[in-house]
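Engineer: My file is input_38.tsv. It has TSV, C-alpha atoms (C1' of nucleotides):
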chain	number	residue	atom	x	y	z
A	221	MET	CA	71.62	69.93	335.45
A	222	SER	CA	72.73	67.53	332.71
A	223	ASP	CA	76.40	68.00	332.04
A	224	LYS	CA	77.12	65.85	329.00
A	225	ARG	CA	79.88	67.71	327.31
A	226	GLN	CA	82.80	69.60	328.82
A	227	PRO	CA	83.94	72.38	326.50
A	228	ALA	CA	87.58	73.42	326.75
A	229	PRO	CA	88.12	73.33	330.52
A	230	ALA	CA	89.94	76.58	331.11
A	231	HIS	CA	93.33	77.31	332.57
A	232	ALA	CA	93.79	75.81	335.99
A	233	GLU	CA	96.28	78.50	336.94
A	234	HIS	CA	93.45	81.05	336.87
A	235	ALA	CA	91.32	79.24	339.47
A	236	PRO	CA	88.02	80.17	337.85
A	237	LEU	CA	84.87	80.33	339.91
A	238	GLN	CA	82.59	77.34	339.74
A	239	LEU	CA	79.32	79.15	339.49
A	240	GLU	CA	77.26	76.02	340.00
A	241	HIS	CA	78.83	75.50	343.43
A	242	PHE	CA	78.90	79.13	344.38
A	243	LEU	CA	76.49	79.81	347.21
A	244	PRO	CA	75.25	83.27	346.23
A	245	TYR	CA	74.56	82.10	342.72
A	246	ARG	CA	72.70	78.99	343.78
A	247	LEU	CA	70.69	80.91	346.30
A	248	SER	CA	69.60	83.45	343.73
A	249	ILE	CA	68.54	80.77	341.28
A	250	VAL	CA	66.45	78.95	343.85
A	251	SER	CA	65.02	82.12	345.30
A	252	ASN	CA	64.03	83.61	341.95
A	253	THR	CA	62.49	80.40	340.71
A	254	ILE	CA	60.34	80.01	343.79
A	255	SER	CA	59.27	83.64	344.00
A	256	GLN	CA	58.36	83.65	340.34
A	257	LEU	CA	56.37	80.46	340.71
A	258	ILE	CA	54.16	82.13	343.26
A	259	ALA	CA	54.03	85.51	341.56
A	260	ASP	CA	52.77	83.85	338.38
A	261	ASP	CA	49.72	82.71	340.27
A	262	TYR	CA	48.47	86.13	341.21
A	263	GLN	CA	49.90	88.09	338.31
A	264	ARG	CA	47.79	86.09	335.92
A	265	ARG	CA	44.63	86.46	337.97
A	266	TYR	CA	45.06	90.04	339.17
A	267	ASP	CA	47.13	92.79	337.68
A	268	ILE	CA	49.59	93.14	340.51
A	269	SER	CA	53.34	92.95	340.95
A	270	MET	CA	55.30	91.13	343.60
A	271	THR	CA	56.15	94.34	345.38
A	272	GLU	CA	52.51	95.37	345.40
A	273	TRP	CA	51.51	92.01	346.81
A	274	ARG	CA	54.06	92.31	349.57
A	275	VAL	CA	52.74	95.70	350.54
A	276	MET	CA	49.24	94.29	350.69
A	277	ALA	CA	50.36	91.34	352.76
A	278	VAL	CA	51.92	93.63	355.32
A	279	LEU	CA	48.87	95.86	355.47
A	280	ALA	CA	46.71	92.81	356.01
A	281	ARG	CA	48.69	92.05	359.12
A	282	PHE	CA	49.18	95.55	360.42
A	283	GLU	CA	46.50	98.10	359.73
A	284	GLY	CA	47.33	101.76	359.85
A	285	LEU	CA	51.02	101.54	359.05
A	286	SER	CA	52.71	104.47	357.38
A	287	ALA	CA	54.58	104.09	354.10
A	288	ARG	CA	57.89	104.13	355.88
A	289	GLU	CA	56.81	101.38	358.22
A	290	VAL	CA	55.67	99.33	355.26
A	291	ALA	CA	59.09	99.82	353.73
A	292	GLU	CA	60.73	98.62	356.92
A	293	ARG	CA	58.62	95.51	357.18
A	294	THR	CA	58.93	94.53	353.53
A	295	ALA	CA	62.63	95.34	353.27
A	296	MET	CA	61.83	97.38	350.19
A	297	ASP	CA	63.04	100.91	349.75
A	298	LYS	CA	60.72	103.83	350.23
A	299	VAL	CA	60.55	104.73	346.56
A	300	ALA	CA	59.41	101.25	345.64
A	301	VAL	CA	56.80	101.40	348.36
A	302	SER	CA	55.63	104.81	347.26
A	303	ARG	CA	55.13	103.57	343.73
A	304	ALA	CA	53.42	100.38	344.79
A	305	LEU	CA	51.08	102.40	346.97
A	306	ALA	CA	50.26	104.78	344.14
A	307	ARG	CA	49.11	101.86	342.01
A	308	LEU	CA	47.29	100.14	344.84
A	309	VAL	CA	45.41	103.27	345.82
A	310	ALA	CA	44.51	103.93	342.18
A	311	ALA	CA	43.22	100.36	341.86
A	312	ASP	CA	41.26	100.82	345.07
A	313	ARG	CA	43.00	98.03	346.90
A	314	VAL	CA	44.44	100.33	349.54
A	315	ASN	CA	43.10	103.26	351.44
A	316	ARG	CA	45.37	106.18	352.22
A	317	ASP	CA	44.52	108.66	354.97
A	318	THR	CA	46.63	111.27	356.65
A	319	HIS	CA	47.81	110.93	360.20
A	320	ASP	CA	46.18	113.37	362.61
A	321	GLY	CA	48.91	115.34	364.20
A	322	ASP	CA	51.52	114.57	361.55
A	323	LYS	CA	50.47	115.59	358.09
A	324	ARG	CA	53.53	113.98	356.54
A	325	ARG	CA	52.58	110.47	357.54
A	326	SER	CA	50.05	108.38	355.68
A	327	VAL	CA	47.80	105.90	357.41
A	328	LEU	CA	47.27	102.86	355.22
A	329	SER	CA	44.79	100.03	355.20
A	330	LEU	CA	43.25	97.58	352.76
A	331	THR	CA	39.95	98.49	351.20
A	332	GLU	CA	37.01	96.13	350.94
A	333	SER	CA	38.28	95.08	347.53
A	334	GLY	CA	41.82	94.80	348.86
A	335	TRP	CA	40.67	92.37	351.52
A	336	THR	CA	38.78	90.31	348.98
A	337	MET	CA	41.85	89.95	346.88
A	338	HIS	CA	44.04	89.25	349.88
A	339	ASP	CA	41.72	86.49	351.02
A	340	GLU	CA	42.10	84.76	347.68
A	341	VAL	CA	45.81	85.26	347.18
A	342	ALA	CA	47.07	84.47	350.68
A	343	PRO	CA	45.88	80.85	350.63
A	344	MET	CA	47.29	80.35	347.14
A	345	ALA	CA	50.65	81.65	348.27
A	346	ARG	CA	50.64	79.39	351.29
A	347	ALA	CA	49.70	76.42	349.13
A	348	ARG	CA	52.65	77.07	346.83
A	349	GLU	CA	54.95	77.40	349.79
A	350	ARG	CA	53.75	74.01	351.01
A	351	GLU	CA	54.40	72.52	347.57
A	352	VAL	CA	57.96	73.74	347.69
A	353	LEU	CA	58.55	72.63	351.26
A	354	ALA	CA	57.11	69.22	350.41
A	355	ARG	CA	60.33	68.49	348.55
A	356	LEU	CA	62.11	68.55	351.89
A	357	ASP	CA	61.60	66.19	354.78
A	358	ALA	CA	60.85	67.46	358.26
A	359	GLU	CA	64.46	67.44	359.32
A	360	GLU	CA	65.56	69.42	356.29
A	361	GLN	CA	62.82	71.96	356.84
A	362	MET	CA	64.00	72.45	360.36
A	363	TRP	CA	67.58	73.02	359.26
A	364	LEU	CA	66.52	75.36	356.50
A	365	ASN	CA	64.73	77.55	359.02
A	366	ARG	CA	67.65	77.60	361.34
A	367	ILE	CA	70.06	78.40	358.53
A	368	LEU	CA	67.96	81.22	357.10
A	369	ASP	CA	67.67	82.70	360.56
A	370	LYS	CA	71.41	82.71	360.97
A	371	LEU	CA	72.13	84.08	357.52
A	372	GLN	CA	69.54	86.78	357.95
A	373	ALA	CA	70.84	87.71	361.37
A	374	GLY	CA	74.30	88.29	359.95
A	375	ASN	CA	73.28	91.03	357.53
A	376	MET	CA	71.82	93.64	359.77
B	117	MET	CA	64.63	91.70	363.75
B	118	SER	CA	63.72	94.01	366.60
B	119	ASP	CA	59.96	93.99	367.03
B	120	LYS	CA	59.30	96.53	369.74
B	121	ARG	CA	55.82	97.73	368.91
B	122	GLN	CA	52.91	95.82	367.46
B	123	PRO	CA	50.64	98.13	365.47
B	124	ALA	CA	46.98	97.17	365.21
B	125	PRO	CA	47.20	93.39	364.71
B	126	ALA	CA	44.76	92.81	361.89
B	127	HIS	CA	41.64	90.72	361.67
B	128	ALA	CA	42.25	87.11	362.57
B	129	GLU	CA	39.40	85.98	360.35
B	130	HIS	CA	41.43	87.01	357.33
B	131	ALA	CA	44.40	84.79	358.09
B	132	PRO	CA	47.00	87.24	356.79
B	133	LEU	CA	50.34	86.03	355.57
B	134	GLN	CA	53.23	86.35	357.98
B	135	LEU	CA	55.80	87.60	355.56
B	136	GLU	CA	58.63	87.19	358.02
B	137	HIS	CA	57.99	83.45	358.22
B	138	PHE	CA	57.21	82.98	354.56
B	139	LEU	CA	59.91	80.94	352.88
B	140	PRO	CA	60.00	82.66	349.47
B	141	TYR	CA	60.22	86.03	351.11
B	142	ARG	CA	62.97	85.06	353.51
B	143	LEU	CA	64.92	83.40	350.75
B	144	SER	CA	64.79	86.46	348.57
B	145	ILE	CA	65.94	88.72	351.38
B	146	VAL	CA	68.92	86.54	352.19
B	147	SER	CA	69.78	85.95	348.56
B	148	ASN	CA	69.62	89.61	347.56
B	149	THR	CA	71.61	90.73	350.56
B	150	ILE	CA	74.40	88.29	349.89
B	151	SER	CA	74.55	88.86	346.14
B	152	GLN	CA	74.62	92.58	346.64
B	153	LEU	CA	77.37	92.30	349.23
B	154	ILE	CA	79.59	90.64	346.67
B	155	ALA	CA	78.51	92.76	343.73
B	156	ASP	CA	79.43	95.90	345.66
B	157	ASP	CA	82.99	94.67	345.78
B	158	TYR	CA	83.55	94.57	342.08
B	159	GLN	CA	81.12	97.26	341.02
B	160	ARG	CA	83.09	99.79	342.97
B	161	ARG	CA	86.41	98.66	341.59
B	162	TYR	CA	85.39	97.89	338.02
B	163	ASP	CA	82.46	99.17	336.00
B	164	ILE	CA	80.66	95.89	335.64
B	165	SER	CA	77.24	94.51	336.49
B	166	MET	CA	76.39	91.23	338.17
B	167	THR	CA	75.20	89.71	334.91
B	168	GLU	CA	78.41	90.75	333.20
B	169	TRP	CA	80.45	89.22	335.96
B	170	ARG	CA	78.57	85.96	335.70
B	171	VAL	CA	79.22	85.79	331.99
B	172	MET	CA	82.91	86.35	332.63
B	173	ALA	CA	82.99	83.69	335.31
B	174	VAL	CA	81.51	81.15	332.94
B	175	LEU	CA	83.91	82.07	330.18
B	176	ALA	CA	86.80	81.69	332.58
B	177	ARG	CA	85.79	78.10	333.16
B	178	PHE	CA	84.78	77.19	329.64
B	179	GLU	CA	86.56	78.85	326.77
B	180	GLY	CA	84.93	78.99	323.40
B	181	LEU	CA	81.31	78.81	324.48
B	182	SER	CA	78.67	80.37	322.28
B	183	ALA	CA	76.30	83.00	323.62
B	184	ARG	CA	73.50	80.47	323.90
B	185	GLU	CA	75.69	78.14	325.91
B	186	VAL	CA	76.61	80.99	328.21
B	187	ALA	CA	72.91	81.66	328.69
B	188	GLU	CA	72.33	78.03	329.61
B	189	ARG	CA	75.13	77.93	332.13
B	190	THR	CA	74.27	81.24	333.78
B	191	ALA	CA	70.50	80.66	333.79
B	192	MET	CA	70.13	84.08	332.19
B	193	ASP	CA	68.06	84.64	329.11
B	194	LYS	CA	69.67	85.14	325.77
B	195	VAL	CA	68.83	88.82	325.52
B	196	ALA	CA	70.52	89.55	328.82
B	197	VAL	CA	73.56	87.59	327.68
B	198	SER	CA	73.65	89.36	324.35
B	199	ARG	CA	73.65	92.73	326.06
B	200	ALA	CA	76.22	91.74	328.64
B	201	LEU	CA	78.46	90.48	325.86
B	202	ALA	CA	78.08	93.70	323.88
B	203	ARG	CA	79.37	95.67	326.86
B	204	LEU	CA	82.12	93.18	327.66
B	205	VAL	CA	83.38	93.12	324.10
B	206	ALA	CA	83.29	96.92	323.94
B	207	ALA	CA	85.26	97.09	327.20
B	208	ASP	CA	87.73	94.57	325.77
B	209	ARG	CA	87.12	92.02	328.48
B	210	VAL	CA	85.80	89.41	326.08
B	211	ASN	CA	86.81	88.29	322.63
B	212	ARG	CA	84.15	87.37	320.12
B	213	ASP	CA	84.97	85.24	317.10
B	214	THR	CA	82.74	83.45	314.67
B	215	HIS	CA	82.45	79.69	314.61
B	216	ASP	CA	83.94	78.08	311.52
B	217	GLY	CA	81.21	76.14	309.86
B	218	ASP	CA	78.35	77.97	311.55
B	219	LYS	CA	78.40	81.67	310.99
B	220	ARG	CA	75.53	82.21	313.44
B	221	ARG	CA	77.45	81.02	316.46
B	222	SER	CA	79.93	83.14	318.30
B	223	VAL	CA	83.02	81.74	319.94
B	224	LEU	CA	83.75	83.56	323.15
B	225	SER	CA	86.75	83.86	325.40
B	226	LEU	CA	88.27	86.27	327.89
B	227	THR	CA	90.84	88.73	326.65
B	228	GLU	CA	94.12	89.41	328.40
B	229	SER	CA	92.43	92.23	330.27
B	230	GLY	CA	89.41	90.03	331.00
B	231	TRP	CA	91.67	87.46	332.64
B	232	THR	CA	93.39	90.10	334.69
B	233	MET	CA	90.12	91.31	336.04
B	234	HIS	CA	88.87	87.80	336.61
B	235	ASP	CA	91.96	86.93	338.58
B	236	GLU	CA	91.28	89.80	340.93
B	237	VAL	CA	87.55	89.40	341.28
B	238	ALA	CA	87.29	85.63	341.66
B	239	PRO	CA	89.29	85.50	344.91
B	240	MET	CA	87.32	88.41	346.31
B	241	ALA	CA	84.06	86.66	345.54
B	242	ARG	CA	85.28	83.47	347.15
B	243	ALA	CA	86.41	85.37	350.20
B	244	ARG	CA	82.96	86.91	350.61
B	245	GLU	CA	81.35	83.54	350.22
B	246	ARG	CA	83.59	82.21	352.98
B	247	GLU	CA	82.59	85.13	355.19
B	248	VAL	CA	78.95	84.28	354.74
B	249	LEU	CA	79.46	80.56	355.25
B	250	ALA	CA	81.47	81.27	358.36
B	251	ARG	CA	78.22	82.13	360.09
B	252	LEU	CA	77.23	78.50	359.78
B	253	ASP	CA	78.91	75.53	361.39
B	254	ALA	CA	80.04	72.55	359.34
B	255	GLU	CA	76.85	70.64	359.90
B	256	GLU	CA	74.68	73.53	358.81
B	257	GLN	CA	76.76	74.05	355.71
B	258	MET	CA	76.28	70.44	354.81
B	259	TRP	CA	72.51	70.70	355.19
B	260	LEU	CA	72.36	73.91	353.25
B	261	ASN	CA	74.03	72.26	350.32
B	262	ARG	CA	71.74	69.30	350.42
B	263	ILE	CA	68.67	71.50	350.71
B	264	LEU	CA	69.66	73.77	347.84
B	265	ASP	CA	70.29	70.72	345.69
B	266	LYS	CA	66.83	69.41	346.39
B	267	LEU	CA	65.10	72.73	345.87
B	268	GLN	CA	66.98	73.32	342.67
B	269	ALA	CA	66.21	69.85	341.39
B	270	GLY	CA	62.50	70.41	341.84
B	271	ASN	CA	62.28	73.33	339.44
B	272	MET	CA	63.45	71.89	336.19
C	219	DA	C1'	59.83	132.63	367.85
C	220	DC	C1'	63.32	131.34	364.43
C	221	DG	C1'	66.43	129.00	361.84
C	222	DT	C1'	68.60	124.47	361.33
C	223	DT	C1'	68.15	119.73	360.82
C	224	DA	C1'	65.51	115.56	360.33
C	225	DT	C1'	61.69	112.87	358.48
C	226	DA	C1'	57.77	111.27	355.19
C	227	DG	C1'	56.91	110.86	350.84
C	228	DT	C1'	57.05	112.02	345.68
C	229	DT	C1'	59.12	113.15	341.31
C	230	DA	C1'	62.49	113.20	337.59
C	231	DC	C1'	65.84	110.97	335.10
C	232	DA	C1'	68.97	107.17	334.00
C	233	DA	C1'	70.03	102.43	333.78
C	234	DA	C1'	68.42	97.59	333.76
C	235	DT	C1'	65.05	94.08	332.23
C	236	DG	C1'	61.56	91.61	329.67
C	237	DC	C1'	59.18	90.63	325.55
C	238	DA	C1'	58.23	90.48	320.82
C	239	DA	C1'	59.71	91.20	316.40
C	240	DC	C1'	63.34	90.81	313.61
C	241	DC	C1'	67.77	89.31	310.49
C	242	DA	C1'	70.92	85.76	309.12
C	243	DT	C1'	72.15	81.25	308.72
C	244	DT	C1'	71.46	76.44	309.00
C	245	DT	C1'	68.74	72.17	309.03
C	246	DG	C1'	65.29	68.99	307.53
C	247	DC	C1'	62.85	67.02	304.14
C	248	DA	C1'	59.72	66.71	299.97
D	113	DT	C1'	67.40	71.59	294.68
D	114	DG	C1'	64.45	74.43	297.07
D	115	DC	C1'	61.53	75.85	300.64
D	116	DA	C1'	59.61	75.63	305.33
D	117	DA	C1'	61.00	75.39	309.97
D	118	DA	C1'	64.48	75.87	313.50
D	119	DT	C1'	68.41	78.17	315.66
D	120	DG	C1'	71.74	81.94	317.12
D	121	DG	C1'	71.76	86.32	318.03
D	122	DT	C1'	70.38	91.41	318.00
D	123	DT	C1'	67.26	95.41	318.13
D	124	DG	C1'	63.26	98.30	319.52
D	125	DC	C1'	59.98	99.45	322.75
D	126	DA	C1'	57.59	99.42	327.01
D	127	DT	C1'	58.00	98.53	331.90
D	128	DT	C1'	60.61	98.29	336.08
D	129	DT	C1'	64.07	99.72	339.15
D	130	DG	C1'	67.61	102.63	341.40
D	131	DT	C1'	69.47	107.09	342.70
D	132	DA	C1'	69.35	111.74	343.72
D	133	DA	C1'	66.98	115.75	344.16
D	134	DC	C1'	63.01	117.88	345.78
D	135	DT	C1'	58.58	119.41	348.64
D	136	DA	C1'	56.22	119.57	352.78
D	137	DT	C1'	55.88	119.05	357.51
D	138	DA	C1'	57.73	118.33	362.03
D	139	DA	C1'	61.31	118.42	365.77
D	140	DC	C1'	65.12	120.55	368.00
D	141	DG	C1'	68.06	123.92	370.04
D	142	DT	C1'	68.93	128.49	371.09
Represent the structure of the file as C-alpha cells.
Structural biologist:
Amino acid sequence: MSDKRQPAPAHAEHAPLQLEHFLPYRLSIVSNTISQLIADDYQRRYDISMTEWRVMAVLARFEGLSAREVAERTAMDKVAVSRALARLVAADRVNRDTHDGDKRRSVLSLTESGWTMHDEVAPMARAREREVLARLDAEEQMWLNRILDKLQAGNM
Amino acid sequence: MSDKRQPAPAHAEHAPLQLEHFLPYRLSIVSNTISQLIADDYQRRYDISMTEWRVMAVLARFEGLSAREVAERTAMDKVAVSRALARLVAADRVNRDTHDGDKRRSVLSLTESGWTMHDEVAPMARAREREVLARLDAEEQMWLNRILDKLQAGNM
DNA sequence: ACGTTATAGTTACAAATGCAACCATTTGCA
DNA sequence: TGCAAATGGTTGCATTTGTAACTATAACGT
C-alpha cells in the first residue's frame, strides 16, 4: 500500500468514504486474495471450480447428502449446487443416486476418482491455510476465530 | 449454526476438510454477507452495482484520477473499471475529460448528480459498517484491524 | 381420494466477469 | 527522426452467476 502522491484531496464537506479503512472493503480484498490463492492450486492441476471443490469437500465429510443439504452446508444457492453437481457427475467425481421413498431427492457421494482427487487437494488446501495463518501469532489467530464466530453469528 | 443431525460421518482415513472451520471459507462467507448487506441498500435505491459504487467512492476522495489509478485504488482490474465508468458516465454520475498533454489518460470526477448520490450513500454505508462492528467490543475491533492489516500485507 | 401447497431439482435467459486481442498515443532509444 | 516497446483504455467473446419460471414428486387437509 505505497501512498506516495495524494491527488486532489476532495471536498471535506462531502465526507467521502475512505475505502482503505472501510471494513467490508478490506474484508473482501483479503478474502478474495486468500480464496484465489488456494483455488489456483487445484484449478491448475484439475479442471474444477471453487464451488465444485466446496461441494466435493462437503460430500467427503457427509456421504449421502441431498443437493439441498449440500447447498445448506456450503452456503451456496441451490442453482449453483445443481450446476456444480452436473459437472462433477459428468466428470465422474460424484455419484448421484435417487433416494428410496422420495424420488425427488438425490443421494450423493464421491466416486473412487472423486476420493482420489479429494485426498490430493485437501492436504494442499490445509497447507495453504497454514501458510496464511503463519502470518499471525497464536494470540491473533485466537482473536480471529472469535471475531469470525461473532460476525458469522450476527448474519443468520 | 444449528447442527441437529449428523449424516453418515465419512471415512476418517480420508481426513476430509471441515469447511466450517476452514479460514478461507469462513472469511468468504462473512465478507460476502456483509458486502451484500450494504450493497442491497443502494442497489434498491439507485441502479448501481458494487463495483460502480466503489469507483464513485474513490472519485469522491480523489478528484481527477485516471481510470488506471481508479483501478489501483479499488483493487479492481482495468476492464471492470472501464465498464463501470461507461455506465457511470452514461448515467451522468461521473464526468470524463481528457488529460492535457496525454490524450490517452482520462480525467475523472463526480458530476453534480454523482455528488448528490454519494452524499446519500456514503452515510448509509458507514451506518451499516457501524452496525456490523457493533457486534464486536472495542478490543475485538482493535484486533480485527491489526489482523486485517497483517493479512493484507502478506499478499502483495 | 382429491386438490392445494410445499419441496427437490433443473432449465432458460439476462447480467456480470475474465481474458485476450485490439486501437491510440506516448516513451525510449538507436 | 523514426521505429520498437510500453501504456491507457476499450471491445469481443466465452464463461460464470443470479433470478425466475418450470417439472416432478411428495405432504397436507378436507
Engineer: Please build the interface table for chain C against chain B with a cut-off of 9 Å, listing for each qualifying residue the nearest atom pair and the distance in Å to one decimal; count all atoms listed in the file, order rows by chain and increasing number, and write it as a tab-separated table.
Structural biologist:
residue	atom	partner	partner_atom	distance
C:DT235	C1'	B:Ala196	CA	7.9
C:DG236	C1'	B:Val195	CA	8.8
C:DA242	C1'	B:Arg220	CA	7.2
C:DT243	C1'	B:Arg220	CA	5.9
C:DT244	C1'	B:Asp218	CA	7.5
Engineer: Once chain A is fitted onto chain B over all Cα atoms in order, please give the RMSD.
Structural biologist: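 The optimal C-alpha superposition leaves an RMSD of 0.2 Å.
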Engineer: Determine which residues of chain D sit within 9 Å of chain B, taking into account only C-alpha atoms (C1' of nucleotides), and present them as a VMD selection string.
Structural biologist: chain D and resid 119 to 122
Engineer: Output C-alpha atoms (C1' of nucleotides) for every residue in that selection, as a CSV table (one decimal), in the frame of the given file.
Structural biologist:
chain,number,residue,atom,x,y,z
D,119,DT,C1',68.4,78.2,315.7
D,120,DG,C1',71.7,81.9,317.1
D,121,DG,C1',71.8,86.3,318.0
D,122,DT,C1',70.4,91.4,318.0
Engineer: Show me which bits of chain B are within 8 Å of chain A, counting only C-alpha atoms, as a ChimeraX atom specification.
Structural biologist: /B:117,122-127,130-135,138-151,170,173-174,176-181,190-191,231,234-235,238,242,245,248,251-252,256,259-260,263-264,266-268,270-271
Engineer: Measure the distance from CA of Ala207 (chain B) to CA of Asp157 (chain B) in Å and round it to one decimal.
Structural biologist: 18.9 Å
Engineer: Separation of CA of Ala304 (chain A) and C1' of DT131 (chain D), in Å?
Structural biologist: 17.5 Å
Engineer: Kindly give the distance, in Å, that separates CA of Val314 (chain A) and CA of Leu328 (chain A), rounded to a single decimal.
Structural biologist: 6.8 Å
